[in-house]
Amino acid sequence: MSQVQVLPATSPIAFARPRSISTVHVSSSPSLRLTAASDETGEDIFDALPALHYGHREVHLRNGIMHASRASAAGQADSERAFFVADLGQVALQHDRWTAALPEIHPFYAVKCNPDPYVIRLLAALGTGFDLLRIGGIDPSRIIFANPCKAASFVRAAGRAGVHTMTFDNADELHKIARTHPAARLVLRILTDDSKALCRLGLKFGAPLVSAPGLLATARSLGLNVVGVSFHVGSGCYDPDVYADAIARAAATFAMGREAGYDFTLLDIGGGFEDATFEAAARVLREAINVHFPDRRERGIRIIAEPGRFFVSTAFSIATNIIARRATDDEAAGESEDEVKAMYYINDGVYGAFNCIMFDHQVVQPYVLSMGGSFHVPAGAQTQACSVWGPTCDSIDLVSKRAILPRALQVGDWLGFDNMGAYTVCAASQFNGFDVSRVIYTAGGMGGAEARAALKRLAAEGWGHNSHSNTHHPTQLTMSVFYYEPFYDIERFLDDAFGPQRAQDAQRRIAQGGNQVQNDAPRALKPRMDLHEDAEKNVVTASFEFPGVKKEDVQVDVHNGRLTVGAETKLTEEREEGGYAVRERRFGKWSRTLQLPTGVKEEDIKASMENGVLTVTFPKTSPQEAPKKISVA
């Protein structure tokens, strides 16, 4: 660049504070009581964690910027520090999407993706399993140790913690497990096509099908129990069709297991699920599973998955401050792909939250959060080509090689980045003396009420208050979903209004390899639900609204500790009008899944249908799970 300009920071206290936004909470009692909670106060649910705020994510991005401005005006050091805003309501919505599209497949969250303590607690409350070595307070049966190549000490630790389900893909691993944890329930990880993924895991893990019979024979000779098959199509898979081939390979491996004397009962379909292509991937999986595992229920086959980024990527955004700027007066600069008119330096980079650029092959897009002391960017603001850099002294610290941003951006302004929940803060370092960006938590908008209610239930059970482990609480937890839905009609309205646009946006985001995946998988409506608990009678009553649906069109299924209710109607009406025969067809499909309390048996569940309302009752705790009092001598 021919000339460097050093620009002063704009006034840090010029923000016009927006009117306070409140969230209205509606109690589930017959006499409704309305209370308003400020979006800034937050709520202390767990003593070891920050407050959980109300309000939408954008509100807290702005609040954080204004707080930084006040701290800067007061002379506070590092006042402009970058920060995340995590919307836990979005995590709950993603969980709802999963159960609607893949009700048979139990998710085991890949903790390595984002081990955030609030995310862990929320997903635990929603009934997911986990892919890692151990979580204090979680039933070990809800954990899979899905690393095929483990340190011997880790295998021993898993055995001591009661974590028995783990993967393998080579003979050496089998001998290691035979020495250190012979009671393990082993899952053979096979090699599948991962060429359509951002991160190809097949380069490191997975046994080719040709080697599977030999590995199973070795396991048999060592007296090890192999219970199933797993695969992984790669992290960030952008072609859902690869799941069909992977399911076919898994079915072939199940047949090899029978020949080796095993009766497999577990299929682990791994991860790789992307937000934009999820419904398309789910459709491929449903079809492939029906083709290759048609008798899965009769054979008692349980299907699980290891989603990570799908749950958390869209839930986190980061706000970064422009700490320096280099500009040029060269009029020709910025005309080619390799030239820019300005270089902006922000206070987080590839050694911090943006390590996803290096390790996860992500391409991030900056946008303006505030400019010139205002949250409003004029529609006609002039723009220019620029690059965005991190704060360290390393030239590899490049966040965005080329972006189009307003020409008026200056030092002190703020840039935002969305979709920052996966493989970001989990691998951030303090290289060059920069702290890891903090996180502000909220549960606002659609999904917020569900997330908050789930977390409160978990806290009420006495779990999740210690930041390291939960040794004071029994390992066995009773997880269930109890909540009232005051915002159901609003969510349905928004979904109907913006659903088509969301589908179009999803298609535009699939830019890998020119693939255009249609997001046309049928999405079942969620019936309105209300749950009530009678502590004295130890009974939970779930009511589902199916207006206009006949009793014979309703299905209630129990599988793998989860209750699924659904209905499908096909109404045909014929009449003669103006000399023409008029035929109208109306179709409707509903589905909803609940995690049942631990120990509930099928015969304990009762269902009845009256006036379009399905009522299901089941025990809150089974007799063997109910707490017992011990007399003190």
# chains A, B, ... in the order shown; residues from 1 in each chain; ligands from 1
>>> residues_around(residues="range 555-569 of chain A", least_positions_apart="6", cutoff="6 Å", atoms="only C-alpha atoms", output="PDB file with N, CA and C atoms, in the first residue's frame")
ATOM      1  N   PHE A 587     -54.411 -32.875   3.595  1.00  0.00           N
ATOM      2  CA  PHE A 587     -53.470 -33.790   4.236  1.00  0.00           C
ATOM      3  C   PHE A 587     -52.884 -33.116   5.477  1.00  0.00           C
ATOM      4  N   GLY A 588     -52.672 -33.871   6.499  1.00  0.00           N
ATOM      5  CA  GLY A 588     -52.051 -33.331   7.712  1.00  0.00           C
ATOM      6  C   GLY A 588     -51.228 -34.395   8.409  1.00  0.00           C
ATOM      7  N   LYS A 589     -50.083 -33.989   8.954  1.00  0.00           N
ATOM      8  CA  LYS A 589     -49.216 -34.927   9.657  1.00  0.00           C
ATOM      9  C   LYS A 589     -48.652 -34.242  10.890  1.00  0.00           C
ATOM     10  N   TRP A 590     -48.734 -34.932  12.031  1.00  0.00           N
ATOM     11  CA  TRP A 590     -48.235 -34.395  13.288  1.00  0.00           C
ATOM     12  C   TRP A 590     -47.305 -35.430  13.928  1.00  0.00           C
ATOM     13  N   SER A 591     -46.308 -34.952  14.647  1.00  0.00           N
ATOM     14  CA  SER A 591     -45.416 -35.867  15.363  1.00  0.00           C
ATOM     15  C   SER A 591     -44.720 -35.107  16.482  1.00  0.00           C
ATOM     16  N   ARG A 592     -44.576 -35.784  17.625  1.00  0.00           N
ATOM     17  CA  ARG A 592     -43.847 -35.182  18.739  1.00  0.00           C
ATOM     18  C   ARG A 592     -43.249 -36.291  19.588  1.00  0.00           C
ATOM     19  N   THR A 593     -42.033 -36.049  20.098  1.00  0.00           N
ATOM     20  CA  THR A 593     -41.319 -37.064  20.870  1.00  0.00           C
ATOM     21  C   THR A 593     -40.920 -36.508  22.225  1.00  0.00           C
ATOM     22  N   LEU A 594     -41.091 -37.311  23.255  1.00  0.00           N
ATOM     23  CA  LEU A 594     -40.708 -36.951  24.615  1.00  0.00           C
ATOM     24  C   LEU A 594     -39.746 -37.983  25.177  1.00  0.00           C
ATOM     25  N   GLN A 595     -38.775 -37.529  25.954  1.00  0.00           N
ATOM     26  CA  GLN A 595     -37.908 -38.430  26.701  1.00  0.00           C
ATOM     27  C   GLN A 595     -38.647 -38.861  27.968  1.00  0.00           C
ATOM     28  N   LEU A 596     -38.772 -40.162  28.177  1.00  0.00           N
ATOM     29  CA  LEU A 596     -39.461 -40.664  29.358  1.00  0.00           C
ATOM     30  C   LEU A 596     -38.509 -40.722  30.547  1.00  0.00           C
TER      31      LEU A 596
END
>>> closest_residue(among="A:Arg97, A:His106, A:Lys550, A:Arg407", to="Met343 in chain A", atoms="only C-alpha atoms")
A:Arg407
>>> residues_around(residues="range 614-619 of chain A", least_positions_apart="3", cutoff="8 Å", atoms="only C-alpha atoms", output="list in words")
Asn538, Val539, Val540, Thr541, Ala542, Ser543, Phe544, Glu545, Phe546, Pro597, Val600, Asp604, Ile605, Lys606, Ala607, Ser608, Met609, Glu610 and Ser622 of chain A
>>> residues_around(residues="range 202-215 of chain A", least_positions_apart="4", cutoff="8 Å", atoms="only C-alpha atoms", output="PDB file with N, CA and C atoms, in the first residue's frame")
ATOM      1  N   PRO A 148     -11.611 -44.384  18.077  1.00  0.00           N
ATOM      2  CA  PRO A 148     -11.140 -45.754  17.810  1.00  0.00           C
ATOM      3  C   PRO A 148      -9.717 -46.024  18.289  1.00  0.00           C
ATOM      4  N   ASP A 169     -11.163 -49.868  15.475  1.00  0.00           N
ATOM      5  CA  ASP A 169     -11.054 -50.102  14.031  1.00  0.00           C
ATOM      6  C   ASP A 169      -9.785 -50.854  13.656  1.00  0.00           C
ATOM      7  N   ASN A 170      -9.083 -51.439  14.660  1.00  0.00           N
ATOM      8  CA  ASN A 170      -7.854 -52.171  14.360  1.00  0.00           C
ATOM      9  C   ASN A 170      -7.597 -53.225  15.422  1.00  0.00           C
ATOM     10  N   ALA A 171      -6.733 -54.205  15.088  1.00  0.00           N
ATOM     11  CA  ALA A 171      -6.473 -55.335  15.975  1.00  0.00           C
ATOM     12  C   ALA A 171      -5.708 -54.916  17.224  1.00  0.00           C
ATOM     13  N   LEU A 188     -17.602 -51.601  16.067  1.00  0.00           N
ATOM     14  CA  LEU A 188     -16.635 -51.588  14.977  1.00  0.00           C
ATOM     15  C   LEU A 188     -16.885 -50.382  14.079  1.00  0.00           C
ATOM     16  N   ARG A 189     -15.905 -49.514  13.990  1.00  0.00           N
ATOM     17  CA  ARG A 189     -16.024 -48.350  13.108  1.00  0.00           C
ATOM     18  C   ARG A 189     -15.480 -48.706  11.726  1.00  0.00           C
ATOM     19  N   ILE A 190     -16.351 -48.577  10.732  1.00  0.00           N
ATOM     20  CA  ILE A 190     -15.970 -48.950   9.376  1.00  0.00           C
ATOM     21  C   ILE A 190     -15.652 -47.706   8.553  1.00  0.00           C
ATOM     22  N   LEU A 191     -14.924 -47.898   7.476  1.00  0.00           N
ATOM     23  CA  LEU A 191     -14.546 -46.813   6.576  1.00  0.00           C
ATOM     24  C   LEU A 191     -15.662 -46.574   5.567  1.00  0.00           C
ATOM     25  N   THR A 192     -16.048 -45.305   5.403  1.00  0.00           N
ATOM     26  CA  THR A 192     -17.063 -44.938   4.416  1.00  0.00           C
ATOM     27  C   THR A 192     -16.539 -43.785   3.565  1.00  0.00           C
ATOM     28  N   ASP A 193     -17.296 -43.440   2.564  1.00  0.00           N
ATOM     29  CA  ASP A 193     -16.923 -42.349   1.662  1.00  0.00           C
ATOM     30  C   ASP A 193     -17.091 -41.010   2.376  1.00  0.00           C
ATOM     31  N   ASP A 194     -15.990 -40.306   2.627  1.00  0.00           N
ATOM     32  CA  ASP A 194     -16.061 -39.003   3.271  1.00  0.00           C
ATOM     33  C   ASP A 194     -15.491 -37.906   2.362  1.00  0.00           C
ATOM     34  N   ALA A 219     -11.626 -60.279  17.782  1.00  0.00           N
ATOM     35  CA  ALA A 219     -12.417 -59.934  18.957  1.00  0.00           C
ATOM     36  C   ALA A 219     -13.024 -61.175  19.590  1.00  0.00           C
ATOM     37  N   PHE A 231     -20.016 -45.561  11.830  1.00  0.00           N
ATOM     38  CA  PHE A 231     -19.298 -44.935  10.717  1.00  0.00           C
ATOM     39  C   PHE A 231     -19.390 -43.431  10.877  1.00  0.00           C
ATOM     40  N   HIS A 232     -18.611 -42.712  10.108  1.00  0.00           N
ATOM     41  CA  HIS A 232     -18.645 -41.244  10.108  1.00  0.00           C
ATOM     42  C   HIS A 232     -18.350 -40.765   8.694  1.00  0.00           C
ATOM     43  N   VAL A 233     -19.276 -40.005   8.114  1.00  0.00           N
ATOM     44  CA  VAL A 233     -19.111 -39.552   6.731  1.00  0.00           C
ATOM     45  C   VAL A 233     -18.250 -38.300   6.633  1.00  0.00           C
ATOM     46  N   GLY A 234     -17.664 -37.877   7.745  1.00  0.00           N
ATOM     47  CA  GLY A 234     -16.801 -36.702   7.751  1.00  0.00           C
ATOM     48  C   GLY A 234     -17.493 -35.508   8.370  1.00  0.00           C
ATOM     49  N   ARG A 249     -23.144 -50.108   3.684  1.00  0.00           N
ATOM     50  CA  ARG A 249     -21.921 -50.753   4.192  1.00  0.00           C
ATOM     51  C   ARG A 249     -22.127 -51.265   5.611  1.00  0.00           C
ATOM     52  N   THR A 253     -21.811 -55.095   7.140  1.00  0.00           N
ATOM     53  CA  THR A 253     -21.002 -55.431   8.313  1.00  0.00           C
ATOM     54  C   THR A 253     -21.832 -56.163   9.359  1.00  0.00           C
ATOM     55  N   MET A 256     -21.686 -59.653   8.367  1.00  0.00           N
ATOM     56  CA  MET A 256     -20.396 -60.237   8.745  1.00  0.00           C
ATOM     57  C   MET A 256     -20.368 -60.576  10.230  1.00  0.00           C
ATOM     58  N   GLY A 257     -21.016 -59.730  11.039  1.00  0.00           N
ATOM     59  CA  GLY A 257     -21.079 -60.014  12.470  1.00  0.00           C
ATOM     60  C   GLY A 257     -21.814 -61.301  12.766  1.00  0.00           C
ATOM     61  N   ALA A 260     -19.671 -64.169  12.190  1.00  0.00           N
ATOM     62  CA  ALA A 260     -18.631 -64.303  13.219  1.00  0.00           C
ATOM     63  C   ALA A 260     -19.200 -64.727  14.565  1.00  0.00           C
TER      64      ALA A 260
END
>>> atom_distance(atom1="CA of Phe254 in chain A", atom2="CA of Ile105 in chain A")
17.7 Å
>>> closest_residue(among="A:Glu461, A:Glu104, A:Glu279, A:Asp418", to="Arg297 in chain A", atoms="only C-alpha atoms")
A:Glu104
>>> closest_residue(among="A:Tyr109, A:Trp463, A:Phe278, A:Tyr351", to="Ser429 in chain A", atoms="only C-alpha atoms")
A:Tyr351
>>> closest_residue(among="A:Arg220, A:His181, A:Gly349, A:Phe316", to="Ala86 in chain A", atoms="only C-alpha atoms")
A:Phe316
>>> closest_residue(among="A:Arg160, A:Asp172, A:Pro107, A:Arg283", to="Ile144 in chain A", atoms="only C-alpha atoms")
A:Pro107
>>> atom_distance(atom1="CA of Pro117 in chain A", atom2="CA of Pro366 in chain A")
26.8 Å
>>> atom_distance(atom1="CA of Pro406 in chain A", atom2="CA of Asp348 in chain A")
20.3 Å
